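Everything below belongs to input_25.json, which stores JSON, C-alpha atoms.
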[["chain", "number", "residue", "atom", "x", "y", "z"],
["A", 25, "MET", "CA", -142.19, 5.65, -179.82],
["A", 26, "PRO", "CA", -145.03, 8.08, -179.21],
["A", 27, "SER", "CA", -148.53, 7.20, -180.37],
["A", 28, "LEU", "CA", -150.29, 9.09, -183.15],
["A", 29, "LYS", "CA", -152.38, 10.98, -180.61],
["A", 30, "GLU", "CA", -149.31, 11.98, -178.60],
["A", 31, "THR", "CA", -147.56, 13.04, -181.81],
["A", 32, "ALA", "CA", -150.52, 15.15, -182.89],
["A", 33, "TRP", "CA", -150.73, 16.83, -179.49],
["A", 34, "ALA", "CA", -147.00, 17.45, -179.53],
["A", 35, "ILE", "CA", -147.14, 19.07, -182.97],
["A", 36, "VAL", "CA", -150.08, 21.26, -181.94],
["A", 37, "PHE", "CA", -148.40, 22.35, -178.73],
["A", 38, "ILE", "CA", -145.01, 23.03, -180.32],
["A", 39, "THR", "CA", -146.61, 24.99, -183.15],
["A", 40, "LEU", "CA", -148.74, 26.98, -180.71],
["A", 41, "ALA", "CA", -145.79, 27.72, -178.43],
["A", 42, "SER", "CA", -143.72, 28.79, -181.44],
["A", 43, "ALA", "CA", -146.52, 31.03, -182.72],
["A", 44, "ILE", "CA", -146.90, 32.75, -179.34],
["A", 45, "LEU", "CA", -143.16, 33.26, -179.15],
["A", 46, "ILE", "CA", -142.97, 34.63, -182.68],
["A", 47, "PHE", "CA", -145.85, 37.02, -181.97],
["A", 48, "ALA", "CA", -144.06, 38.26, -178.84],
["A", 49, "VAL", "CA", -140.72, 38.67, -180.64],
["A", 50, "ALA", "CA", -142.39, 40.42, -183.58],
["A", 51, "GLN", "CA", -143.53, 43.18, -181.22],
["A", 52, "LEU", "CA", -139.86, 43.96, -180.56],
["A", 53, "GLY", "CA", -139.64, 45.32, -184.09],
["A", 54, "ASN", "CA", -141.72, 48.32, -183.03],
["A", 55, "SER", "CA", -139.78, 48.96, -179.83],
["A", 56, "GLY", "CA", -137.41, 51.78, -179.00],
["A", 57, "TRP", "CA", -134.59, 49.27, -178.81],
["A", 58, "ALA", "CA", -135.18, 48.26, -182.45],
["A", 59, "ASP", "CA", -135.22, 51.92, -183.51],
["A", 60, "SER", "CA", -131.92, 52.56, -181.73],
["A", 61, "VAL", "CA", -130.31, 49.52, -183.40],
["A", 62, "ARG", "CA", -131.51, 50.73, -186.80],
["A", 63, "ALA", "CA", -130.23, 54.24, -186.09],
["A", 64, "ASP", "CA", -126.83, 52.84, -185.04],
["A", 65, "ALA", "CA", -126.68, 50.70, -188.18],
["A", 66, "LEU", "CA", -127.45, 53.70, -190.40],
["A", 67, "ALA", "CA", -124.90, 55.83, -188.60],
["A", 68, "GLY", "CA", -122.29, 53.09, -188.99],
["A", 69, "GLY", "CA", -123.11, 52.80, -192.66],
["A", 70, "LYS", "CA", -124.11, 49.16, -192.33],
["A", 71, "GLY", "CA", -127.11, 47.57, -193.91],
["A", 72, "GLY", "CA", -127.98, 43.92, -193.92],
["A", 73, "HIS", "CA", -125.66, 41.20, -192.73],
["A", 74, "GLY", "CA", -122.19, 42.39, -193.50],
["A", 75, "HIS", "CA", -121.08, 38.77, -193.64],
["A", 76, "ALA", "CA", -118.37, 37.69, -196.02],
["A", 77, "TYR", "CA", -120.60, 35.19, -197.74],
["A", 78, "SER", "CA", -123.11, 37.84, -198.83],
["A", 79, "GLU", "CA", -120.59, 39.73, -200.88],
["A", 80, "THR", "CA", -121.13, 38.90, -204.50],
["A", 81, "GLY", "CA", -118.68, 39.16, -207.32],
["A", 82, "LYS", "CA", -115.71, 38.23, -205.15],
["A", 83, "SER", "CA", -113.73, 35.14, -205.93],
["A", 84, "PHE", "CA", -111.43, 33.65, -203.31],
["A", 85, "SER", "CA", -108.29, 31.65, -203.88],
["A", 86, "PRO", "CA", -108.53, 27.99, -202.76],
["A", 87, "LEU", "CA", -106.36, 28.69, -199.71],
["A", 88, "ILE", "CA", -108.56, 31.52, -198.54],
["A", 89, "PHE", "CA", -111.65, 29.41, -199.19],
["A", 90, "ILE", "CA", -110.24, 26.56, -197.09],
["A", 91, "ALA", "CA", -109.34, 29.06, -194.38],
["A", 92, "ILE", "CA", -112.90, 30.42, -194.37],
["A", 93, "VAL", "CA", -114.41, 26.92, -194.18],
["A", 94, "ALA", "CA", -111.96, 25.78, -191.49],
["A", 95, "GLY", "CA", -112.49, 28.98, -189.55],
["A", 96, "SER", "CA", -116.24, 28.54, -189.71],
["A", 97, "LEU", "CA", -116.06, 24.97, -188.45],
["A", 98, "LEU", "CA", -113.58, 25.92, -185.76],
["A", 99, "LYS", "CA", -116.01, 28.57, -184.60],
["A", 100, "ILE", "CA", -118.66, 25.87, -184.15],
["A", 101, "VAL", "CA", -116.20, 23.64, -182.30],
["A", 102, "PHE", "CA", -115.37, 26.41, -179.85],
["A", 103, "ALA", "CA", -118.93, 27.76, -179.57],
["A", 104, "LEU", "CA", -120.28, 24.30, -178.72],
["A", 105, "GLY", "CA", -117.18, 22.78, -177.21],
["A", 106, "ILE", "CA", -116.21, 25.29, -174.57],
["A", 107, "PRO", "CA", -119.63, 25.52, -172.88],
["A", 108, "GLY", "CA", -119.95, 21.76, -173.30],
["A", 109, "LEU", "CA", -116.65, 21.01, -171.61],
["A", 110, "ILE", "CA", -117.42, 23.43, -168.79],
["A", 111, "THR", "CA", -120.78, 21.71, -168.31],
["A", 112, "LEU", "CA", -119.19, 18.26, -168.28],
["A", 113, "GLY", "CA", -116.75, 19.48, -165.63],
["A", 114, "VAL", "CA", -119.52, 20.94, -163.51],
["A", 115, "LEU", "CA", -121.59, 17.76, -163.87],
["A", 116, "ARG", "CA", -118.68, 15.59, -162.85],
["A", 117, "PHE", "CA", -118.08, 17.75, -159.78],
["A", 118, "THR", "CA", -121.74, 17.82, -158.71],
["A", 119, "ARG", "CA", -122.24, 14.09, -159.25],
["A", 120, "ARG", "CA", -119.13, 13.28, -157.27],
["A", 121, "LYS", "CA", -120.31, 15.59, -154.49],
["A", 122, "ARG", "CA", -123.77, 13.97, -154.58],
["A", 123, "LYS", "CA", -122.28, 10.49, -154.27],
["A", 124, "ARG", "CA", -120.47, 11.54, -151.11],
["A", 125, "SER", "CA", -123.58, 13.21, -149.71],
["A", 126, "PRO", "CA", -125.76, 10.97, -147.49],
["A", 127, "THR", "CA", -129.06, 12.33, -148.83],
["A", 128, "VAL", "CA", -129.49, 12.01, -152.57],
["A", 129, "PRO", "CA", -132.65, 13.37, -154.24],
["A", 130, "ALA", "CA", -134.56, 10.72, -156.13],
["A", 131, "GLU", "CA", -134.10, 10.74, -159.90],
["A", 132, "ASN", "CA", -137.14, 10.47, -162.14],
["B", 27, "MET", "CA", -133.68, 12.84, -168.54],
["B", 28, "THR", "CA", -133.71, 9.26, -167.44],
["B", 29, "GLU", "CA", -135.24, 6.69, -169.70],
["B", 30, "HIS", "CA", -134.55, 3.08, -168.97],
["B", 31, "ILE", "CA", -134.53, 0.66, -171.83],
["B", 32, "ALA", "CA", -135.10, -2.55, -169.92],
["B", 33, "SER", "CA", -134.21, -4.89, -172.73],
["B", 34, "THR", "CA", -132.92, -4.33, -176.21],
["B", 35, "THR", "CA", -134.06, -7.72, -177.41],
["B", 36, "ASP", "CA", -137.53, -6.25, -177.94],
["B", 37, "PRO", "CA", -137.64, -5.42, -181.68],
["B", 38, "LYS", "CA", -139.83, -2.38, -181.01],
["B", 39, "ARG", "CA", -137.23, -0.98, -178.60],
["B", 40, "ILE", "CA", -134.43, -1.67, -181.07],
["B", 41, "ARG", "CA", -136.28, 0.14, -183.87],
["B", 42, "SER", "CA", -137.15, 2.99, -181.53],
["B", 43, "GLY", "CA", -133.50, 3.30, -180.51],
["B", 44, "HIS", "CA", -132.39, 3.31, -184.14],
["B", 45, "VAL", "CA", -134.95, 5.92, -185.08],
["B", 46, "ARG", "CA", -134.12, 8.14, -182.13],
["B", 47, "ALA", "CA", -130.38, 7.93, -182.82],
["B", 48, "GLY", "CA", -130.96, 8.61, -186.52],
["B", 49, "VAL", "CA", -133.21, 11.60, -185.91],
["B", 50, "ASN", "CA", -130.79, 13.13, -183.42],
["B", 51, "LEU", "CA", -127.83, 12.55, -185.71],
["B", 52, "ALA", "CA", -129.68, 14.18, -188.61],
["B", 53, "PHE", "CA", -130.61, 17.09, -186.36],
["B", 54, "PHE", "CA", -127.00, 17.55, -185.29],
["B", 55, "ILE", "CA", -125.66, 17.42, -188.86],
["B", 56, "CYS", "CA", -128.29, 19.94, -190.01],
["B", 57, "MET", "CA", -127.41, 22.16, -187.08],
["B", 58, "VAL", "CA", -123.70, 22.12, -187.94],
["B", 59, "ILE", "CA", -124.52, 23.03, -191.55],
["B", 60, "VAL", "CA", -126.83, 25.83, -190.44],
["B", 61, "LEU", "CA", -124.33, 27.22, -187.91],
["B", 62, "ALA", "CA", -121.59, 27.55, -190.55],
["B", 63, "PRO", "CA", -122.97, 30.02, -193.12],
["B", 64, "ASN", "CA", -119.49, 31.28, -193.98],
["B", 65, "ALA", "CA", -118.49, 27.77, -194.98],
["B", 66, "THR", "CA", -121.65, 26.69, -196.77],
["B", 67, "GLY", "CA", -122.81, 29.94, -198.29],
["B", 68, "ILE", "CA", -126.03, 31.83, -197.67],
["B", 69, "ALA", "CA", -128.22, 29.71, -199.95],
["B", 70, "VAL", "CA", -127.35, 26.39, -198.25],
["B", 71, "HIS", "CA", -127.60, 28.08, -194.84],
["B", 72, "GLU", "CA", -131.14, 29.32, -195.53],
["B", 73, "TRP", "CA", -132.50, 26.18, -197.17],
["B", 74, "ALA", "CA", -130.95, 23.98, -194.47],
["B", 75, "SER", "CA", -132.65, 26.23, -191.91],
["B", 76, "PHE", "CA", -136.00, 25.26, -193.41],
["B", 77, "VAL", "CA", -135.09, 21.59, -193.61],
["B", 78, "ILE", "CA", -133.98, 21.54, -189.96],
["B", 79, "ILE", "CA", -137.58, 22.18, -188.84],
["B", 80, "ILE", "CA", -138.33, 18.50, -189.53],
["B", 81, "PRO", "CA", -135.72, 16.97, -187.19],
["B", 82, "PHE", "CA", -136.48, 19.79, -184.72],
["B", 83, "PHE", "CA", -140.09, 18.66, -184.46],
["B", 84, "ALA", "CA", -139.13, 14.96, -184.54],
["B", 85, "HIS", "CA", -136.60, 15.45, -181.72],
["B", 86, "MET", "CA", -139.22, 17.01, -179.46],
["B", 87, "ILE", "CA", -141.96, 14.56, -180.41],
["B", 88, "MET", "CA", -139.71, 11.63, -179.53],
["B", 89, "ASP", "CA", -139.11, 13.07, -176.06],
["B", 90, "TRP", "CA", -142.64, 14.35, -175.61],
["B", 91, "LYS", "CA", -143.40, 11.98, -172.75],
["B", 92, "TRP", "CA", -140.40, 13.30, -170.82],
["B", 93, "ILE", "CA", -141.48, 16.88, -171.47],
["B", 94, "VAL", "CA", -145.03, 16.23, -170.27],
["B", 95, "ARG", "CA", -143.91, 14.16, -167.28],
["B", 96, "THR", "CA", -141.37, 16.77, -166.16],
["B", 97, "THR", "CA", -143.80, 19.67, -166.65],
["B", 98, "LYS", "CA", -146.39, 17.94, -164.48],
["B", 99, "ARG", "CA", -143.83, 17.36, -161.74],
["B", 100, "LEU", "CA", -142.11, 20.73, -162.01],
["B", 101, "PHE", "CA", -143.08, 21.83, -158.53],
["B", 102, "ALA", "CA", -142.74, 18.38, -157.04],
["B", 103, "ARG", "CA", -139.56, 16.79, -155.76],
["B", 104, "MET", "CA", -137.10, 16.49, -158.62],
["B", 105, "SER", "CA", -133.34, 16.38, -159.00],
["B", 106, "GLY", "CA", -131.63, 19.66, -159.70],
["B", 107, "GLU", "CA", -130.12, 18.21, -162.84],
["B", 108, "ARG", "CA", -133.47, 17.30, -164.28],
["B", 109, "ARG", "CA", -134.95, 20.67, -163.43],
["B", 110, "PHE", "CA", -131.95, 22.40, -164.98],
["B", 111, "ASN", "CA", -132.34, 20.27, -168.11],
["B", 112, "TYR", "CA", -135.98, 21.25, -168.37],
["B", 113, "PHE", "CA", -135.37, 24.99, -168.23],
["B", 114, "LEU", "CA", -132.31, 24.71, -170.47],
["B", 115, "ASP", "CA", -134.45, 22.98, -173.07],
["B", 116, "TRP", "CA", -137.02, 25.76, -172.89],
["B", 117, "LEU", "CA", -134.23, 28.32, -173.38],
["B", 118, "LEU", "CA", -132.93, 26.38, -176.37],
["B", 119, "PHE", "CA", -136.42, 26.23, -177.84],
["B", 120, "PHE", "CA", -136.84, 29.98, -177.38],
["B", 121, "LEU", "CA", -133.49, 30.77, -179.01],
["B", 122, "PHE", "CA", -134.15, 28.36, -181.87],
["B", 123, "VAL", "CA", -137.54, 29.90, -182.66],
["B", 124, "VAL", "CA", -136.13, 33.45, -182.45],
["B", 125, "ALA", "CA", -133.20, 32.54, -184.73],
["B", 126, "MET", "CA", -135.56, 30.87, -187.21],
["B", 127, "PHE", "CA", -138.05, 33.75, -187.21],
["B", 128, "THR", "CA", -135.44, 36.48, -187.54],
["B", 129, "GLY", "CA", -133.65, 34.43, -190.18],
["B", 130, "VAL", "CA", -136.79, 34.34, -192.29],
["B", 131, "LEU", "CA", -137.15, 38.11, -191.91],
["B", 132, "ILE", "CA", -133.65, 38.69, -193.30],
["B", 133, "SER", "CA", -133.72, 36.05, -196.00],
["B", 134, "GLU", "CA", -131.45, 36.90, -198.91],
["B", 135, "SER", "CA", -131.63, 33.71, -200.91],
["B", 136, "ALA", "CA", -134.43, 31.28, -200.10],
["B", 137, "LEU", "CA", -137.39, 33.67, -199.99],
["B", 138, "PRO", "CA", -136.24, 35.78, -202.97],
["B", 139, "ALA", "CA", -135.92, 32.52, -204.90],
["B", 140, "ILE", "CA", -139.69, 32.02, -204.49],
["B", 141, "GLY", "CA", -140.50, 35.60, -205.30],
["B", 142, "ILE", "CA", -140.60, 37.11, -201.83],
["B", 143, "ASN", "CA", -138.16, 40.00, -201.69],
["B", 144, "ILE", "CA", -137.39, 41.38, -198.28],
["B", 145, "VAL", "CA", -135.71, 44.60, -197.23],
["B", 146, "ILE", "CA", -133.07, 43.62, -194.70],
["B", 147, "ASP", "CA", -133.74, 45.27, -191.37],
["B", 148, "PRO", "CA", -130.52, 45.68, -189.31],
["B", 149, "PHE", "CA", -132.47, 45.07, -186.08],
["B", 150, "TRP", "CA", -133.63, 41.59, -187.15],
["B", 151, "SER", "CA", -130.17, 40.93, -188.54],
["B", 152, "LYS", "CA", -128.56, 41.76, -185.21],
["B", 153, "LEU", "CA", -131.17, 39.75, -183.28],
["B", 154, "HIS", "CA", -130.56, 36.81, -185.60],
["B", 155, "ASP", "CA", -126.78, 36.93, -185.06],
["B", 156, "THR", "CA", -127.15, 37.32, -181.29],
["B", 157, "SER", "CA", -129.74, 34.59, -180.85],
["B", 158, "SER", "CA", -127.83, 32.11, -183.00],
["B", 159, "ASN", "CA", -124.54, 32.80, -181.19],
["B", 160, "ILE", "CA", -126.18, 32.30, -177.79],
["B", 161, "MET", "CA", -127.98, 29.23, -179.14],
["B", 162, "SER", "CA", -124.61, 27.68, -180.11],
["B", 163, "ALA", "CA", -123.37, 28.02, -176.56],
["B", 164, "VAL", "CA", -126.60, 26.70, -175.04],
["B", 165, "LEU", "CA", -126.55, 23.82, -177.52],
["B", 166, "GLY", "CA", -123.08, 22.93, -176.28],
["B", 167, "VAL", "CA", -124.45, 22.75, -172.73],
["B", 168, "HIS", "CA", -127.44, 20.68, -173.93],
["B", 169, "LEU", "CA", -125.16, 18.18, -175.66],
["B", 170, "ALA", "CA", -122.98, 17.94, -172.55],
["B", 171, "MET", "CA", -126.03, 17.30, -170.35],
["B", 172, "HIS", "CA", -126.94, 14.35, -172.61],
["B", 173, "TRP", "CA", -123.40, 13.21, -173.29],
["B", 174, "LYS", "CA", -123.86, 9.78, -171.77],
["B", 175, "TRP", "CA", -126.77, 9.03, -174.10],
["B", 176, "ILE", "CA", -124.85, 10.39, -177.11],
["B", 177, "ALA", "CA", -121.71, 8.36, -176.38],
["B", 178, "THR", "CA", -123.70, 5.19, -175.73],
["B", 179, "ASN", "CA", -125.75, 5.45, -178.89],
["B", 180, "VAL", "CA", -122.87, 6.51, -181.12],
["B", 181, "ASN", "CA", -121.01, 3.42, -179.95],
["B", 182, "LYS", "CA", -124.05, 1.23, -180.43],
["B", 183, "TYR", "CA", -125.56, 2.45, -183.70],
["B", 184, "ILE", "CA", -122.81, 4.29, -185.54],
["B", 185, "LEU", "CA", -119.58, 2.62, -184.49],
["B", 186, "ARG", "CA", -121.53, -0.63, -184.01],
["B", 187, "ARG", "CA", -119.53, -1.67, -181.03],
["B", 188, "SER", "CA", -121.32, -4.57, -179.40],
["B", 189, "GLY", "CA", -121.30, -4.13, -175.70],
["B", 190, "ASN", "CA", -123.70, -4.68, -172.87],
["B", 191, "SER", "CA", -126.93, -3.92, -174.68],
["B", 192, "GLN", "CA", -128.70, -3.33, -171.39],
["B", 193, "THR", "CA", -126.49, -0.34, -170.68],
["B", 194, "ALA", "CA", -127.88, 1.48, -173.73],
["B", 195, "GLN", "CA", -129.97, 3.79, -171.65],
["B", 196, "GLY", "CA", -131.76, 6.97, -172.56],
["B", 197, "ALA", "CA", -130.47, 10.44, -171.93],
["B", 198, "SER", "CA", -129.85, 11.41, -168.35]]
Taking this structure as input, can you express it in the form of structure tokens?
Amino acid sequence: MPSLKETAWAIVFITLASAILIFAVAQLGNSGWADSVRADALAGGKGGHGHAYSETGKSFSPLIFIAIVAGSLLKIVFALGIPGLITLGVLRFTRRKRKRSPTVPAEN
Amino acid sequence: MTEHIASTTDPKRIRSGHVRAGVNLAFFICMVIVLAPNATGIAVHEWASFVIIIPFFAHMIMDWKWIVRTTKRLFARMSGERRFNYFLDWLLFFLFVVAMFTGVLISESALPAIGINIVIDPFWSKLHDTSSNIMSAVLGVHLAMHWKWIATNVNKYILRRSGNSQTAQGAS
């Protein structure tokens, strides 16, 4: 477990890195790209999310609700699972290739 | 990331392993909740996104030594896998921060609940959707890169399968 000093430094660094990143991303809001996205959204008649969950006043039947929940979870399974499986396949291939290779770079 | 736990008879190591597994499990559960706004609803999505900051920080603090060690040796001799892991983690950090920041800027439930009403900007909304979708994919790669650690610790701490305790190693 990290010491208190290490933890404090970690928190400071992570917060600082996040702040710098946020400042950089915030500048994008004034960019031409942002203006074009806003113009496209206005032209398309969209404002805000447009997600199903933000629509108020609509009640769904239990079946549709289950379908929405299942669909949402399936989306996570595919979004995480497919890149994950591809990565596992690539790792397996590279590790097998490295085992056969005479020169192996030192780990750690 | 290679972290060798020489012996799990050391109570400190056992506690550390428990804590690490618990933190990472909590982080994963929070992440699943946050990534499924259609299932949970916008309010849960937004509040969970604030709560997830805690395991996010804890996850990085617990691996801080690895981060520092790898950064110092970035231009030294290092395995390709470790270098890839390092840059992947930076990408994940970037996407996470962007998704969080843009999510705050388009808050429809959490911030209005505390009196901060925001006009939804379609640019931040699009950036939020894009960054979170890419983050899901990168997270999948991240989990696959640390699969050995995940499988070992799920078996050890969640399924409580007693095996060779000395094989409970850190993430690769």
Notebook entry, point to check: Counting only C-alpha atoms, what is within 7 Å of stretch 128-134 of chain B, bar same-chain residues fewer than 5 positions away, as a ChimeraX atom specification?
Noted result: /B:144,146-147,150-151,153-154
(request) For chain B, report every residue with an atom at most 7 Å from chain A (counting all atoms listed in the file), formatted as a ChimeraX atom specification. (result) /B:28,42,61-62,64-65,67-68,87-88,90,104-105,123-124,127,146-149,151,162-163,165-167,169-170
> B:Val77, B:His172, B:Gly141, B:Leu121: which is nearest B:Asn159, counting only C-alpha atoms?
Replying inline: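 Looking at the shortest contact to B:Asn159, the residue is B:Leu121.
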**Prompt:** Any idea what the distance is between atom CA of B:Ala69 and atom CA of B:Ile142?
**Reply:**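 Calculated distance between atom CA of B:Ala69 and atom CA of B:Ile142 is 14.5 Å.
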- Message: Report, in Å to a single decimal, how far apart atom CA of B:His168 and atom CA of B:Lys152 are.
- Response: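 Rounded to one decimal, the two atoms are 23.9 Å apart.
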From atom CA of B:Phe113 to atom CA of B:Val164 the spacing works out at 11.2 Å
Using only C-alpha atoms: which of B:Ser135, B:Ser157, B:Thr97, B:Asn143 has the shortest distance to B:Phe122:
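For B:Phe122, the nearest of the given residues is B:Ser157.
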Nearest to B:Ala177 among B:Leu118, B:Leu51, B:Val58, B:Leu100, with distances taken over all atoms listed in the file: which residue is it?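 Residue with the minimum atom-to-atom distance to B:Ala177: B:Leu51.
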